[in-house]
Structures are given as structure tokens and as C-alpha cells.
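Student: The structure's right below; bear with me while I get my questions together.
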Amino acid sequence: MGHTTQARFKGKNILSASEIGQYNFCSVAWFLQRCGYEPQSALLEVGTKKHIELGNMVNSAQKHATASRLLATVGYLLIAVAILLILIEAMP
């Protein structure tokens, strides 16, 4: 056994929550990936593309939500200004 754990694991000593989930799902796949082996699968590529598409959709939705909040705020401010102008005009 000439390899240390650190060498086999490419120097990574910290586990993320997703890695714990991967280990729980399949410890062998987790170990191989941790040692630097990358899985080869057409379905994996399809899944990766779907995740990218989903990420783009989420980013787009977040941008639209931000723009919607901004426009709503501008609308409320315009309504407040209109009410103030009406009240000022109605004063004797």
C-alpha cells in the first residue's frame, strides 16, 4: 500500500453534503469519482444538459422576478406621486 488516502483522494479532505448523498447512493461510484475517475454514459450527458437547461430557466425566472418587483415599486411610487399631486391641487 504505497498510496496515502490523501493521494488517492486528490488531496480533498472536505466532504460536501452532495458528496455524502452520493456516497449514500453508491459508495463505489463515490470512491471512484473521488479518486479521479469520471463516469462515461450517454444518459449522464443528457442529464448534465438537462441540468444546464434547468439552471438557465431558474436564472431567467429570477431575473424576471427582480424586474417585476422593480416595476411594481416604480408603479407604487407613481401612484403615490399622483395622489400627492391631487391632494396639493385640492388644497385651498
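If you're wondering about the labels, chains in the C-alpha cells are A, B, ... by order shown, residues count from 1 in each chain, ligands from 1 in order shown.
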Enumerate as a ChimeraX atom specification all residues of segment 4-84 of chain A assigned to helix (DSSP H, G or I) by DSSP on the backbone, naming them with the chain letters and numbers the document uses.
Tutor: /A:5-8,17-25,27-34,42-84
Student: List the spatial neighbours of Ile20 of chain A as number ranges by chain - criterion: any atom at most 12 Å away, only C-alpha atoms, same-chain residues fewer than 5 positions off excluded.
Tutor: A: 14-15, 25-27, 29-31, 34
Student: To one decimal in Å, tell me the separation between atom CA of Met57 of chain A and atom CA of Ala72 of chain A.
Tutor: 22.3 Å
